[in-house]
Amino acid sequence: MNYGHALRFGLHLPSDADCGPGRLVEVAGLAEQWGLDLLVVPAGTAGDDLEPSTVASWIAAATVSPGLVLEARPATLHPAMLARAVASLDRLTEGRVELAFRGGPPTAASGTADSVAALGEEIAVVRELWNVLDRGLGRFTGRFYRLAGAEKAAPAHDVPISVDGQGQDLLRLVGLRADEWSTGCDAVTLTQGNRAVDEAARGAGRDPREIRRRITIRGGFGERTGRFTGTAADWVNDLLPLVVEHGVGTIVLDAVERDVAAGFASEVAPALRAAADAVLPRGWSGARVRRSAVRARRLPGIDYEGAPPEMAEVVEPGDPAYARLRSGYLRGGAPGIILRAATNEQVTQALAFARRHPGVALSRRSAGHGVSGRSTNDGGIVIDVSLMNAIEVLDRKTRRVRIGPGARWAEVAAALEPYGWALSSGDYGGVGVGGLATAGGIGYLARGHGLTIDRLRAVEMVLADGSVVRADDSENPDLFWAVRGAGANFGIVTAFEFEADDVGAVAFARLTQDAGDLERYLVEWGRAVEDSPRDLTSFVIVAPPRGGRPALAVSRTMVDSSDPETVRARLEPLAAISKVYAQDIVITSYAAAMDNASDDPPVSHGEPVSRSGLLRHVTPQFAAAAARVIRSGAIGWFQLRSVGGAVADVPADATAYAHRDATFSLVVMGGADEVVDRAWARLSPFLDGLYISFESSLRPERIAAAWPPRTLSRLRELKSVYDPEGVFGDNFALTPAANHPGGSTP
Amino acid sequence: MSDYGHELWFGSFITPTARPPQVPVELALTSERAGLDLVSFQDHPYQSAFQDTWTLMSYVAARTERIRITGNVLSLPLRPPAVLARAAASLDRLTGGRVELGIGAGAFWDGIVAMGGRRLEPAQAVRAVEEAVDVIRGLWATDETGPLRVTGEFYTVNGAKRGPAPAHRIPIRIGAYKPRMLRLTGKIADGWLPSLGFLPEGPASLRAMNEQIDEAASAAGREPAAVSRLLNLSGRFTSGAGGGLLQGTPGDWAEQIADLALQYGVSGFILASDEPADLNLFGHEVAPRARELVQSERVT
C-alpha cells in the first residue's frame, strides 16, 4: 500500500564528539548541494555524542535550504523546553525544522506501556505549547508531565513530529499522535507496523495518509553483496517495493562515506523518483494530507479539497499560520480559507476558486492594515498577496519603480531612499501598497507631491474573469482611471509602476500641545496649514481631556526641506497656537519617518468602527461641532490630515478619486456603530465626500459620499464591463450600471 | 581596594527577542564587529516573546568567528544539568572553545512552574546549583575513570558515560546576590555575574559581596582571584557632560569602568543594549580607553 507521499531523501549527520565542525559543515554543504531534502541530526547512541539540538541550531545557521530533522530522546528535556527550542529554530530557519523522537538502545524501560505513555504526554505537551490557534495559556495535566498556564509560542510552520520504534503500544501512539513513523527497512516490520499504525489512526478518525513512513538505510556501491549494494539500479530495485508496497515516503541514508552519499543523492534518488512515478497512479508528488485535527476546524461551504494546488500557501483554520493571518490590523477575522498568491497565475487560480464559491465572502489583502477592515472576513475566502512584495527600480532617469502590492510602505521608503527618492504614502510604515495605492494615499508629502495615486503610471492586474491586463494612460485607460480611487472594484493589482519623487532630507516634527480650547486649536491649526506653502503637510490627532489633564493635540508635521530657516518658518505658526508640552523636531529622511511599523502579526478582535469625511476649511462652526464630539467621549480617535495643494492640482475627472477640492481629511473611530453615527451626524453637515480607506460603514448611501455623481456613473459603467457579476463585492462595491438602467441609485 | 588583577574584557547583553528572530543574531554580529569579547543572552524560557536562549546561542555561534558566547544567566530549573553539560561541551567543540556558562538558580518561579519545572525554596535552589555544577563538571571530566555517578537531592546520574569533553575549560559563572549563593559562588564558581541594576546600593554593594565570595573561596582553599567578577551594566551615552554613573560620554564611561575595575575588582563588563550605536561606542571607544586607564593605574 502506498500513501501518496512525495518521496523525500535525507542524510544522517555524524554525531560522534570527535567529528569536527569542518566535517559537519562539509557533509551538510554536500547534502545541500546535492539537493537532498533532509539533514537528520541524530541523537547518537554512544553516550558521549554531540548534543543534537545544539548541532541542529549550529548547522541551521550554516545551511540555507534542507529540512533539519532534530532527533530527541524522550524524557531528556522538559517537553515545554523542547517545544520552545524547536519553535525557535523553526522561526530562525523560516520553517525548516522537524522533530523526531527516537528511543535509545533497548532497555528494560523502553517500549513499556509507561515509557510510551510518557512519550504520548511529551508529544501532547509540545503540541499544546505550539497551539496558538486556541488563545490563552497552555495547560496540561498528565501522569508524567504538567503545564500550568505556560505562554504559547508557535513555530514558523506545522512542524511534523516523527516517532521511531516498534511494539504495539508505540505503533498505536504513532497512529494516534505522530506525523511520521520511522523504522528500519525490514519488509515484515513495515507490513506489520503499517497495519498497526493504520488501524490506530482509523480508530481515532485519522486518515492513514496523514502519517509518513520513514526508513533509515545503510549501504555501499560496488560489488553486490546484499540489499543496498551494487549499482544505483540495484538500490532502486531494493527500494522500489518498499515505496510501492509499504508506503515508504522518506528514505534516510545513515552513511558518512562521501561516495556512498553522493551516489545515493545524485543517482538513486532521481532514479527512484522516476521509477515510483512510473508505477504509482499519483507518483511521488502526492498532495499534502492535512491532519484530522486540522480538517476538524474546516468550515462548511468551502471546497477545501478543491483548493488550487499551485498556491504559494493555502492556510486553513486548523493550520498554525492561521493564527497570524486570520486578522487584520484593526479587525478580528475568522476566514474559512486564506489563499496566498505569489504570482499572477496564482492570483488567477485563487480568483477562479472564489468564483466557484458565489455565496462566500471574498476579501483581498496586501498587508492587512486597512482601517476599514475589508482585508478579512468571517467564514469566507481571503486572497492574500502579501508575498508579492518586490520593489524594483525600472529606470533611474525617469525614476520609474515597480512595486508589488504586498510591499509595505516602510520597505518602499527604505528602498527608494538611497536614490534620493520617495513616494508619499500614509502615516504608518506597516500599511501595504495594494490597498492604499488603489484608494488614494494621503501621506506626509501630500500637499507638495499629491496623493500616492498621482504618482502612479501603470498597473498590472488580474480582472474578475482571471485575465491579466496592463492599464496605463494608453492601454486600458478607463481601467487605469478607475483603479486610481476605486481599484478594489475592478480586480487585484499585482504590480504598480510609480514615478517616484526626488525627495531629500526632510524635517519631521512631533508636537504635543495644549488643546484645552479645542475650538481655537482646531481653527488655528487649519489656518496655519492653509496659509503655509506646500512644502508643509500636517496631521493632527486630538485627544479629549482625561483625568485632570486638558485636551491634547498631537501633531506630526513634515516639511519637505532641510533648511533650518525654512523649517523654523513653517513650524512656528503651528507651535504658536498653544502651549507646547513636548516637541521632537528632527532633520531626517522620509524613510526614517516611515520606519515606525511593528512586525508583530495582528491580534485584533472585533470590528473597527471608523468614519471618514472630507472638509474644505476648518471653520469655527465645524470646530465647535468637533469639540463637542471630542469632549462627549463618543469617539476614541479624531484625526485631521491636510490634503489640498498638489492634490487639488489634479482635475476631479482625471482619476476616480474625485474629491480634489478638499483641504482636509477627517477620520474618527469609536467602539460602536450607533454611538459613532450619532456623533458623526453632528459633523457630517460640514463634510463633502469621504476617503474610502478610512470608512468602515457598509451602508449603501456611503457609496454616494465616496464618489460624486459623474464619477460614480462612469465607475458603474466600467463595473458592468470589468466585473458584471460583482465578484469584487466586499469593498465599496458598486452595482454594475447594466443592472440599473436608470443609473441614479448607487 | 580589591583589584584581582584580571585582564579586562567587554561584552554585550542582548534581548533574545523572537520578533523578529534574526534581530538578536544581527546584534551579535554587531557586537563582534565592534570588537567586543563576548555576547550574552538572558534566559527566560517562560516568556513567549523570547527565543529559546540555547538555540539562539548555538545559531549565533555558527554565524560568528571570534566572539565568546554565554547565557546570562541560564535558568537551571528548566535546563537539566546533564543535557546542559553535553550541549555546552558540544558547542564548545564546534566553536573551538568560545562557549562560557552563566547559570542562575531560577528567578521567576511562577513561570518556571507554568513550564513544568519544580518550585524550589531559596535554600533548596542553592543546593540544586551546587549539585548541577557537580553533574556538569563530572560529565566534562573525561580524563576521570569510570562513568559518572551523582546521587543528589535534585539531580541524580546513574553511571552515565562521561563526555563529550569541551574544547577548553568552560568557566562556570553564577548570578548571585544573597549570602548563601555568594558563598557558593566563592566555593565552586569560576566567576560571579550580577547585574548592576539589581545591586541594592549600586557599586557600593560590591565591596561587601566580594568579601563574602572571597571568604568562602578562602575557606574552600581557593584563591579569591580564582573567581572572576563580572558586571552587567546599563546606561546611556550622551554628548555632553555626564549626569551620573554610565550617563555620559564614552570617556566618562571609561573612567567609571576603570574605577569599578580598580576599586571592586570587576574585570568583565557587559552592556545591556539592543542599540548598535551603543555597542559600537562600547567596543570601539569605551573598552580601549578603560583598558588604558587600568593598565596605567596598575603599573604605577
# chains A, B, ... in the order shown; residues from 1 in each chain; ligands from 1
>>> residues_around(residues="Leu94 (chain B)", least_positions_apart="2", cutoff="7 Å", atoms="only C-alpha atoms", output="list in words")
Gly20 and Pro21 of chain A; Ser90, Leu91, Asp92 and Gly96 of chain B
>>> interface_residues(of="chain A", to="chain B", cutoff="9 Å", atoms="only C-alpha atoms", output="PyMOL selection string")
chain A and resi 16-22+46-62+76-81+84-89+91-92+138-139+145-154+599-600
>>> residues_around(residues="Ile211 (chain A)", least_positions_apart="2", cutoff="8 Å", atoms="only C-alpha atoms", output="JSON, numbers by chain")
{"A": [175, 178, 179, 180, 181, 207, 208, 209, 213]}
>>> select_by_dssp(residues="region 54-286 of chain B", states="helix (DSSP H, G or I)", output="VMD selection string")
chain B and resid 54 to 63 76 to 78 81 to 94 109 to 114 122 to 140 179 to 188 196 to 198 204 to 219 224 to 226 250 to 264 276 to 286
>>> atom_distance(atom1="CA of Ala415 (chain A)", atom2="CA of Asn731 (chain A)")
29.7 Å
>>> atom_distance(atom1="CA of Leu8 (chain B)", atom2="CA of Gly244 (chain B)")
22.3 Å
>>> closest_residue(among="B:Gly138, B:Pro288, B:Gly235, B:Gly265", to="Leu206 (chain B)", atoms="only C-alpha atoms")
B:Gly265
>>> residues_around(residues="Pro66 (chain A)", least_positions_apart="3", cutoff="12 Å", atoms="only C-alpha atoms", output="number ranges by chain")
A: 8-11, 28-41, 56, 59-63, 69, 93-98
>>> residues_around(residues="Asp378 (chain A)", least_positions_apart="3", cutoff="6 Å", atoms="only C-alpha atoms", output="NGL selection string")
:A and (333-335)
